Amino acid sequence: MDTYASFYQRSIQDRDAFWAEQAELIDWHVKPKQICDYSQPPFANWFVGGQTNVCHNAVDRHVTSRGDQPALIYVSTETGQEVTYTFAQLSDEVQRMAAIMQSLGVKQGDRVLIYLPMIAEAAFAMLACVRIGAIHSVVFGGFASHSLATRIDDASPVLIISADAGSRGGKVVPYKPLLDEAMTLSQHKPSAVLMVDRGLAPFTSLPARDHDYAALRQQHLNARVPCVWLDAAHPSYTLYTSGTTGKPKGVQRDTAGYTVALAASMQHIFQGQPGEVYFSTSDIGWVVGHSYIIYGPLIAGMATLMYEGLPTRPHGGVWWELVEKYQVTHMFSAPTAVRVLKKQDPALLSTYDISSLKALYLAGEPLDEPTAQWIADGLGKPIIDNYWQTETGWPILTVANGVQTMPSKFGSPGVPMYGFNVKLLDDNTGEELTGAQEKGVVVIEGPLPPGCLQTLWGDDERFVKTYWQSVPGRLVYSTFDWGVRDEDGYFYILGRTDDVINVAGHRLGTREIEESISSHPNVAEVAVVGVADALKGQAAMAFVVAKDASALGDAAARLKLEGEIMKLVDSQLGAVARPSRVLFLSLLPKTRSGKLLRRAIQAVCENRDPGDLTTMDDPTPLQQIKEQLV
Ligand code: ATP
Ligand code: MG
């Protein structure tokens with residue numbers, strides 16, 4: 001067996017041979033003639049001349065070998081629905097959906113916009129698209145009409161698949177009125193809408209445009225729609241980034257590279273085997289939902305558990321109850337969700353038999369040490385941080401235990417994954433930093449490995465301009481994150497490049513200050529933001545959610561806690577890092593995917609317009625900041 005170091009070296013130095021081997025993990029209709037064409041950097045063309053199909057690899061090829069094993073386990077604690085589809089049943093549903101789509105005029109290369117809550121039909125729809133070579137664009141169900149309209153115009157779909165409503169915390173959230181409004185706002189008018197009626201919210205239909213899924217499914221019960229063999233570079237889907245830092249970017253993914261990359265990650269990173277069960281708590285509207293609710297587990301022949309509901313309803317142990325019931329082997333979630341659980345009774349972590357579970361993977365934002373330690377102790381399972389982006393489709397940094405068992409280090413997502421030639425650049429000089437403990441911008445030398453974005457949908461120029469820069473002799477892709485590497489080659493992500501604050505000439509990562517503050521026993525969550533300051537250029541301000549809000553009863557109590565927090569930062573990082581103020585909030589302003597909206601906090605503090613807030617979950621905290629600033 002390879003050591004990881006030699007495995008990694010081979011992926012960079014003997015790139016084509018390495019990926020030719022990985023390509024063996026999937027089924028091909030026609031094998032590729034060339035592994036990587038990088039003759040027009042930064043555009044990388046993987047598996048040139050090959051033909052395959054994502055749906056074939058995720059569904060059809062398993063039907064013969066394990067047709068009656070579970071493929072999709074659907075659980076909604078919102079509606080009480082719980083259904084298991086075998087690979088054979090999933091194949092039937094996907095073919096029905098594909099036939100319906102074709103009957104509504106969808107052809108290869110057409111875009112289909114999917115605006116659905118977490119229901120099984122969303123999985124059918126995604127798989128049906130890639131089956132016939134239609135390009136799906138899943139828009140997160142929490143987005144309101146304006147965001148949806150922008151995405152309709154960008155993707156110009158011929159068909160939109162939607163539902164009457166979602167449900168969150170027992171409250172029905174109607175979708176159809178938002179969709180109707182979005183379609184009046186958008187320039188592009190799709191000719192057809194397919195409605196999944198869950199019976200949650202009555203809606204009005206436009207007879208010429210809106211179609212009922214249940215009725216059409218009945219007409220296509222026996223449909224057989226073969227997979228279309230697609231060229232390697234045929235787009236499989238587009239997906240917008242979370243919009244944390246500004247205008248969302250339409251990431252475009254290919255067919256073959258993505259399939260190979262996911263198959264390889266399931267083996268080398270997740271060690272997923274056919275017959276095992278993968279439970280990712282993300283949403284299909286995000287990249288984790290694409291790669292590790294739908295495609296990755298199914299490509300590996302695993303069952304995937306798709307969950308609609310909160311982690312705290314009907315009780316705070318519901319995830320672990322599901323792990324026990326369905327013998328879940330792999331779990332994937334986000335630090336923000338763990339912080340929600342942290343407010344629950346810790347006994348819930350040991351109430352259920354979770355012996356089937358091998359590891360919990362966490363991604364999406366920095367995993368602070370107290371949170372990691374809390375969940376590791378509570379579950380008694382390995383906690384595996386992994387760092388990546390919508391753009392890359394699979395982890396850039398983590399540990400590849402499928403190649404060689406490597407220890408995790410709290411605070412670090414791990415080491416560069418095979419195929420990612422990760423470097424740190426000095427952001428002033430643009431020079432590569434090779435020493436340990438040198439802080440720089442995390443970049444990836446081109447070509448990006450298979451599975452990453454091909455380009456931004458319809459905008460090659462924006463793709464090149466946004467992400468790529470030349471350093472002498474080569475092109476590098478910027479992650480826009482700031483990091484440092486230790487003596488063992490483990491990376492630490494210090495924050496986004498625009499989160500670095502400059503206090504009287506000292507460059508500080510907001511992440512470092514946050515880590516320090518979160519070590520205070522009464523801090524549940526914290527955000528540190530650099531705010532314009534006449535004297536110092538910028539000042540750090542801290543926004544804290546207290547664990548025990550009763551300790552904040554009056555102004556004196558708040559002042560006392562503020563003082564303690566400042567002292568703590570003084571002692572751990574020095575006075576330059578001390579926040580100029582600490583404000584207490586009942587929750588932090590976040591996107592619906594749980595990412596902190598720093599730019600919005602900063603704008604409010606600087607009395608500027610916070611800009612596009614459509615991805616924001618709850619406006620309360622911004623209001624609380626405004627009130628406390630006056
Ligand atoms: P946008 O690009 O539209 O502003 P976004 O960057 O939040 O939105 P995503 O692609 O969902 O959209 O998030 C990727 C980013 O999340 C990374 O660039 C990094 O800043 C952060 N991130 C993801 N995983 C981790 C991790 N394990 N540790 C630290 N940061 C992480
Ligand atoms: Mg980003």
# chains A, B, ... in the order shown; residues from 1 in each chain; ligands from 1
$ residues_near_ligand --ligand "ligand 1" --cutoff "8 Å" --atoms "only C-alpha atoms and all ligand atoms" --output "mmCIF file with N, CA and C atoms, in the first residue's frame"
data_model
loop_
_atom_site.group_PDB
_atom_site.id
_atom_site.type_symbol
_atom_site.label_atom_id
_atom_site.label_comp_id
_atom_site.auth_asym_id
_atom_site.auth_seq_id
_atom_site.Cartn_x
_atom_site.Cartn_y
_atom_site.Cartn_z
ATOM 1 N N TYR A 240 -25.013 27.658 -8.037
ATOM 2 C CA TYR A 240 -24.535 28.966 -7.580
ATOM 3 C C TYR A 240 -23.838 28.831 -6.229
ATOM 4 N N THR A 241 -22.749 29.569 -6.048
ATOM 5 C CA THR A 241 -22.060 29.570 -4.758
ATOM 6 C C THR A 241 -22.974 30.204 -3.716
ATOM 7 N N SER A 242 -22.597 30.077 -2.460
ATOM 8 C CA SER A 242 -23.507 30.480 -1.378
ATOM 9 C C SER A 242 -23.818 31.966 -1.329
ATOM 10 N N GLY A 243 -23.011 32.783 -1.988
ATOM 11 C CA GLY A 243 -23.281 34.214 -1.982
ATOM 12 C C GLY A 243 -22.894 34.885 -0.684
ATOM 13 N N THR A 244 -21.932 34.291 0.019
ATOM 14 C CA THR A 244 -21.490 34.868 1.281
ATOM 15 C C THR A 244 -20.769 36.190 1.045
ATOM 16 N N THR A 245 -19.998 36.254 -0.022
ATOM 17 C CA THR A 245 -19.171 37.435 -0.244
ATOM 18 C C THR A 245 -19.668 38.342 -1.363
ATOM 19 N N GLY A 246 -20.749 38.026 -1.991
ATOM 20 C CA GLY A 246 -21.216 38.934 -3.034
ATOM 21 C C GLY A 246 -22.070 38.204 -4.046
ATOM 22 N N LYS A 247 -22.039 38.693 -5.288
ATOM 23 C CA LYS A 247 -22.910 38.144 -6.331
ATOM 24 C C LYS A 247 -22.585 36.663 -6.570
ATOM 25 N N PRO A 248 -23.590 35.801 -6.467
ATOM 26 C CA PRO A 248 -23.319 34.367 -6.626
ATOM 27 C C PRO A 248 -22.772 34.033 -8.014
ATOM 28 N N LYS A 249 -21.897 33.036 -8.031
ATOM 29 C CA LYS A 249 -21.244 32.649 -9.272
ATOM 30 C C LYS A 249 -21.797 31.299 -9.726
ATOM 31 N N TRP A 286 -27.178 23.013 -1.945
ATOM 32 C CA TRP A 286 -25.768 23.361 -1.770
ATOM 33 C C TRP A 286 -24.876 22.298 -2.388
ATOM 34 N N VAL A 287 -23.608 22.610 -2.479
ATOM 35 C CA VAL A 287 -22.693 21.683 -3.142
ATOM 36 C C VAL A 287 -22.568 20.368 -2.377
ATOM 37 N N LEU A 362 -17.153 17.083 8.817
ATOM 38 C CA LEU A 362 -17.722 18.423 8.948
ATOM 39 C C LEU A 362 -17.042 19.361 7.956
ATOM 40 N N ALA A 363 -17.831 20.228 7.320
ATOM 41 C CA ALA A 363 -17.260 21.182 6.370
ATOM 42 C C ALA A 363 -18.142 22.399 6.233
ATOM 43 N N GLY A 364 -17.619 23.406 5.578
ATOM 44 C CA GLY A 364 -18.411 24.576 5.223
ATOM 45 C C GLY A 364 -17.935 25.852 5.889
ATOM 46 N N GLU A 365 -17.247 25.719 7.000
ATOM 47 C CA GLU A 365 -16.778 26.887 7.740
ATOM 48 C C GLU A 365 -15.750 26.383 8.743
ATOM 49 N N PRO A 366 -14.986 27.282 9.331
ATOM 50 C CA PRO A 366 -13.979 26.829 10.289
ATOM 51 C C PRO A 366 -14.601 26.035 11.433
ATOM 52 N N LEU A 367 -13.962 24.940 11.767
ATOM 53 C CA LEU A 367 -14.391 24.120 12.894
ATOM 54 C C LEU A 367 -13.521 24.496 14.085
ATOM 55 N N ASP A 385 -12.666 17.058 9.802
ATOM 56 C CA ASP A 385 -12.877 18.367 9.192
ATOM 57 C C ASP A 385 -12.453 18.255 7.729
ATOM 58 N N ASN A 386 -13.156 18.920 6.848
ATOM 59 C CA ASN A 386 -12.694 18.959 5.461
ATOM 60 C C ASN A 386 -13.052 20.298 4.852
ATOM 61 N N TYR A 387 -12.099 20.794 4.079
ATOM 62 C CA TYR A 387 -12.200 22.154 3.553
ATOM 63 C C TYR A 387 -12.336 22.101 2.041
ATOM 64 N N TRP A 388 -13.365 22.739 1.520
ATOM 65 C CA TRP A 388 -13.514 22.840 0.072
ATOM 66 C C TRP A 388 -14.495 23.938 -0.269
ATOM 67 N N GLN A 389 -14.861 24.018 -1.540
ATOM 68 C CA GLN A 389 -15.702 25.115 -2.012
ATOM 69 C C GLN A 389 -16.697 24.581 -3.040
ATOM 70 N N THR A 390 -17.759 25.328 -3.247
ATOM 71 C CA THR A 390 -18.697 24.988 -4.312
ATOM 72 C C THR A 390 -17.913 24.750 -5.599
ATOM 73 N N GLU A 391 -16.936 25.597 -5.821
ATOM 74 C CA GLU A 391 -16.147 25.546 -7.050
ATOM 75 C C GLU A 391 -15.435 24.211 -7.232
ATOM 76 N N LEU A 397 -8.736 20.018 1.230
ATOM 77 C CA LEU A 397 -7.910 19.661 2.389
ATOM 78 C C LEU A 397 -8.709 18.742 3.308
ATOM 79 N N SER A 412 -7.325 22.100 12.214
ATOM 80 C CA SER A 412 -6.822 21.974 10.846
ATOM 81 C C SER A 412 -7.686 20.997 10.059
ATOM 82 N N PRO A 413 -8.138 21.392 8.859
ATOM 83 C CA PRO A 413 -8.871 20.424 8.042
ATOM 84 C C PRO A 413 -7.961 19.292 7.552
ATOM 85 N N THR A 479 -8.368 30.602 -3.789
ATOM 86 C CA THR A 479 -9.535 30.194 -3.001
ATOM 87 C C THR A 479 -10.137 31.391 -2.276
ATOM 88 N N PHE A 480 -9.407 32.498 -2.244
ATOM 89 C CA PHE A 480 -9.790 33.681 -1.463
ATOM 90 C C PHE A 480 -9.849 33.377 0.025
ATOM 91 N N ASP A 481 -9.141 32.327 0.430
ATOM 92 C CA ASP A 481 -9.021 32.048 1.853
ATOM 93 C C ASP A 481 -7.563 32.227 2.239
ATOM 94 N N TYR A 492 -4.043 25.252 8.088
ATOM 95 C CA TYR A 492 -5.040 25.876 8.952
ATOM 96 C C TYR A 492 -5.642 27.016 8.161
ATOM 97 N N ILE A 493 -6.973 27.076 8.106
ATOM 98 C CA ILE A 493 -7.631 28.161 7.371
ATOM 99 C C ILE A 493 -7.895 29.287 8.364
ATOM 100 N N LEU A 494 -7.391 30.462 8.035
ATOM 101 C CA LEU A 494 -7.473 31.572 8.995
ATOM 102 C C LEU A 494 -8.643 32.508 8.720
ATOM 103 N N GLY A 495 -9.318 32.303 7.614
ATOM 104 C CA GLY A 495 -10.444 33.177 7.283
ATOM 105 C C GLY A 495 -10.383 33.521 5.811
ATOM 106 N N ARG A 496 -11.367 34.253 5.364
ATOM 107 C CA ARG A 496 -11.377 34.669 3.973
ATOM 108 C C ARG A 496 -10.428 35.852 3.800
ATOM 109 N N SER A 593 -27.408 28.591 4.640
ATOM 110 C CA SER A 593 -26.575 27.397 4.770
ATOM 111 C C SER A 593 -25.717 27.494 6.028
ATOM 112 N N LYS A 595 -23.689 30.044 7.009
ATOM 113 C CA LYS A 595 -22.425 30.776 6.946
ATOM 114 C C LYS A 595 -22.617 32.192 7.464
#
$ residues_around --residues "stretch 319-332 of chain A" --least-positions-apart "3" --cutoff "6 Å" --atoms "only C-alpha atoms" --output "PyMOL selection string"
chain A and resi 277-280+352-354+356-362
$ write_last_selection --atoms "N, CA, C and O atoms" --output "CSV table (one decimal), in the first residue's frame"
chain,number,residue,atom,x,y,z
A,277,VAL,N,-24.4,3.1,4.6
A,277,VAL,CA,-25.4,4.2,4.6
A,277,VAL,C,-24.8,5.5,4.9
A,277,VAL,O,-24.1,5.7,5.9
A,278,TYR,N,-25.0,6.4,4.0
A,278,TYR,CA,-24.4,7.8,4.1
A,278,TYR,C,-25.5,8.8,4.5
A,278,TYR,O,-26.6,8.8,3.9
A,279,PHE,N,-25.3,9.6,5.5
A,279,PHE,CA,-26.3,10.6,5.9
A,279,PHE,C,-25.6,11.9,6.0
A,279,PHE,O,-24.8,12.2,6.9
A,280,SER,N,-25.9,12.7,5.0
A,280,SER,CA,-25.5,14.1,5.0
A,280,SER,C,-26.6,15.0,5.3
A,280,SER,O,-27.7,14.9,4.7
A,352,TYR,N,-28.7,6.9,22.0
A,352,TYR,CA,-29.0,5.9,20.9
A,352,TYR,C,-27.8,5.0,20.7
A,352,TYR,O,-26.6,5.5,20.9
A,353,ASP,N,-28.0,3.9,20.1
A,353,ASP,CA,-26.9,3.0,19.7
A,353,ASP,C,-26.4,3.5,18.3
A,353,ASP,O,-27.0,3.2,17.3
A,354,ILE,N,-25.2,4.1,18.4
A,354,ILE,CA,-24.7,4.6,17.1
A,354,ILE,C,-23.4,3.9,16.8
A,354,ILE,O,-22.5,4.4,16.1
A,356,SER,N,-22.9,1.7,14.6
A,356,SER,CA,-22.7,1.6,13.1
A,356,SER,C,-21.8,2.7,12.6
A,356,SER,O,-21.1,2.6,11.6
A,357,LEU,N,-21.9,3.9,13.2
A,357,LEU,CA,-21.3,5.1,12.7
A,357,LEU,C,-19.7,5.0,12.8
A,357,LEU,O,-19.2,4.7,13.8
A,358,LYS,N,-19.1,5.3,11.6
A,358,LYS,CA,-17.6,5.2,11.6
A,358,LYS,C,-17.0,6.6,11.8
A,358,LYS,O,-15.9,6.7,12.5
A,359,ALA,N,-17.6,7.6,11.3
A,359,ALA,CA,-17.0,9.0,11.4
A,359,ALA,C,-18.0,10.0,11.1
A,359,ALA,O,-19.0,9.8,10.4
A,360,LEU,N,-17.8,11.2,11.6
A,360,LEU,CA,-18.6,12.4,11.3
A,360,LEU,C,-17.7,13.4,10.6
A,360,LEU,O,-16.6,13.8,11.1
A,361,TYR,N,-18.0,13.7,9.3
A,361,TYR,CA,-17.3,14.7,8.5
A,361,TYR,C,-18.0,16.0,8.6
A,361,TYR,O,-19.2,16.1,8.6
A,362,LEU,N,-17.2,17.1,8.8
A,362,LEU,CA,-17.7,18.4,8.9
A,362,LEU,C,-17.0,19.4,8.0
A,362,LEU,O,-15.8,19.3,7.8
$ closest_residue --among "A:Val528, A:Val193, A:Ala261, A:Leu587" --to "A:Val545" --atoms "only C-alpha atoms"
A:Leu587
$ residues_around --residues "A:Asp427" --least-positions-apart "4" --cutoff "9 Å" --atoms "only C-alpha atoms" --output "PyMOL selection string"
chain A and resi 431+440-441
$ residues_around --residues "A:Tyr307" --least-positions-apart "5" --cutoff "10 Å" --atoms "only C-alpha atoms" --output "count of residues only"
18
$ atom_distance --atom1 "atom CA of A:Leu148" --atom2 "atom CA of A:Gly80"
28.3 Å
$ atom_distance --atom1 "atom CA of A:Ala603" --atom2 "atom CA of A:Val576"
22.5 Å
$ atom_distance --atom1 "atom CA of A:Gly285" --atom2 "atom CA of A:Gln187"
22.7 Å
$ select_by_dssp --residues "stretch 24-93 of chain A" --states "alpha helix (DSSP H)" --output "compact mmCIF listing (two decimals) with N, CA, C and O atoms, in the first residue's frame"
# COMPACT_ATOMS: atom_id res chain seq x y z
N VAL A 54 -23.50 10.14 -15.73
CA VAL A 54 -23.48 10.19 -14.27
C VAL A 54 -24.56 9.26 -13.69
O VAL A 54 -24.32 8.50 -12.75
N CYS A 55 -25.75 9.32 -14.28
CA CYS A 55 -26.87 8.52 -13.74
C CYS A 55 -26.59 7.03 -13.92
O CYS A 55 -26.91 6.22 -13.04
N ARG A 61 -25.87 1.02 -12.99
CA ARG A 61 -24.89 -0.05 -12.87
C ARG A 61 -25.06 -0.84 -11.57
O ARG A 61 -24.57 -1.95 -11.46
N HIS A 62 -25.77 -0.25 -10.60
CA HIS A 62 -26.00 -0.98 -9.35
C HIS A 62 -27.25 -1.85 -9.41
O HIS A 62 -27.44 -2.72 -8.57
N VAL A 63 -28.12 -1.55 -10.39
CA VAL A 63 -29.40 -2.27 -10.42
C VAL A 63 -29.16 -3.76 -10.65
O VAL A 63 -29.78 -4.60 -10.00
N THR A 64 -28.23 -4.09 -11.52
CA THR A 64 -27.97 -5.51 -11.79
C THR A 64 -27.34 -6.20 -10.58
O THR A 64 -27.74 -7.30 -10.22
N SER A 65 -26.40 -5.55 -9.93
CA SER A 65 -25.68 -6.23 -8.85
C SER A 65 -26.40 -6.16 -7.50
O SER A 65 -26.25 -7.04 -6.67
N ARG A 66 -27.13 -5.08 -7.24
CA ARG A 66 -27.78 -4.94 -5.93
C ARG A 66 -29.09 -4.19 -6.04
O ARG A 66 -29.39 -3.29 -5.24
N PHE A 87 -32.34 0.37 -5.30
CA PHE A 87 -31.75 0.84 -6.56
C PHE A 87 -32.71 0.60 -7.73
O PHE A 87 -32.86 1.45 -8.60
N ALA A 88 -33.41 -0.55 -7.73
CA ALA A 88 -34.35 -0.84 -8.83
C ALA A 88 -35.51 0.16 -8.82
O ALA A 88 -35.91 0.68 -9.86
N GLN A 89 -36.01 0.45 -7.60
CA GLN A 89 -37.13 1.40 -7.52
C GLN A 89 -36.68 2.81 -7.87
O GLN A 89 -37.40 3.55 -8.53
N LEU A 90 -35.47 3.16 -7.46
CA LEU A 90 -34.95 4.48 -7.77
C LEU A 90 -34.82 4.61 -9.29
O LEU A 90 -35.20 5.63 -9.88
N SER A 91 -34.32 3.57 -9.92
CA SER A 91 -34.17 3.57 -11.37
C SER A 91 -35.52 3.79 -12.05
O SER A 91 -35.65 4.59 -12.98
N ASP A 92 -36.57 3.11 -11.56
CA ASP A 92 -37.91 3.29 -12.14
C ASP A 92 -38.38 4.74 -11.99
O ASP A 92 -38.90 5.34 -12.93
N GLU A 93 -38.19 5.29 -10.77
CA GLU A 93 -38.67 6.66 -10.54
C GLU A 93 -37.91 7.67 -11.41
O GLU A 93 -38.49 8.62 -11.93
$ select_by_dssp --residues "stretch 124-319 of chain A" --states "strand (DSSP E)" --output "PyMOL selection string"
chain A and resi 135-138+159-163+165-168+171-174+192-196+210-212+230-231+237-240+250-253+277-280+303-308
$ residues_around --residues "A:Glu487" --least-positions-apart "6" --cutoff "12 Å" --atoms "only C-alpha atoms" --output "ChimeraX atom specification"
/A:415,434-438
$ closest_residue --among "A:Gly250, A:Thr259, A:Phe584, A:Leu475" --to "ligand 2" --atoms "only C-alpha atoms and all ligand atoms"
A:Gly250
$ residues_around --residues "stretch 420-422 of chain A" --least-positions-apart "5" --cutoff "10 Å" --atoms "only C-alpha atoms" --output "ChimeraX atom specification"
/A:8-9,11-13,392,395-397,415,442-450,476-479,491
$ residues_around --residues "stretch 25-36 of chain A" --least-positions-apart "3" --cutoff "7 Å" --atoms "only C-alpha atoms" --output "list in words"
Asp16, Ala20, Gln22, Ala44, Asn45, Trp46, Phe47, Val48, Gly49, Gly50, Gln51, Thr52, Asn57, Trp229, Val260 and Ala263 of chain A
$ closest_residue --among "A:Thr466, A:Ser205, A:Gln404, A:Gln373" --to "ligand 2" --atoms "only C-alpha atoms and all ligand atoms"
A:Thr466
$ closest_residue --among "A:Pro407, A:Pro346, A:Gly257, A:Pro117" --to "A:Ala233" --atoms "only C-alpha atoms"
A:Gly257
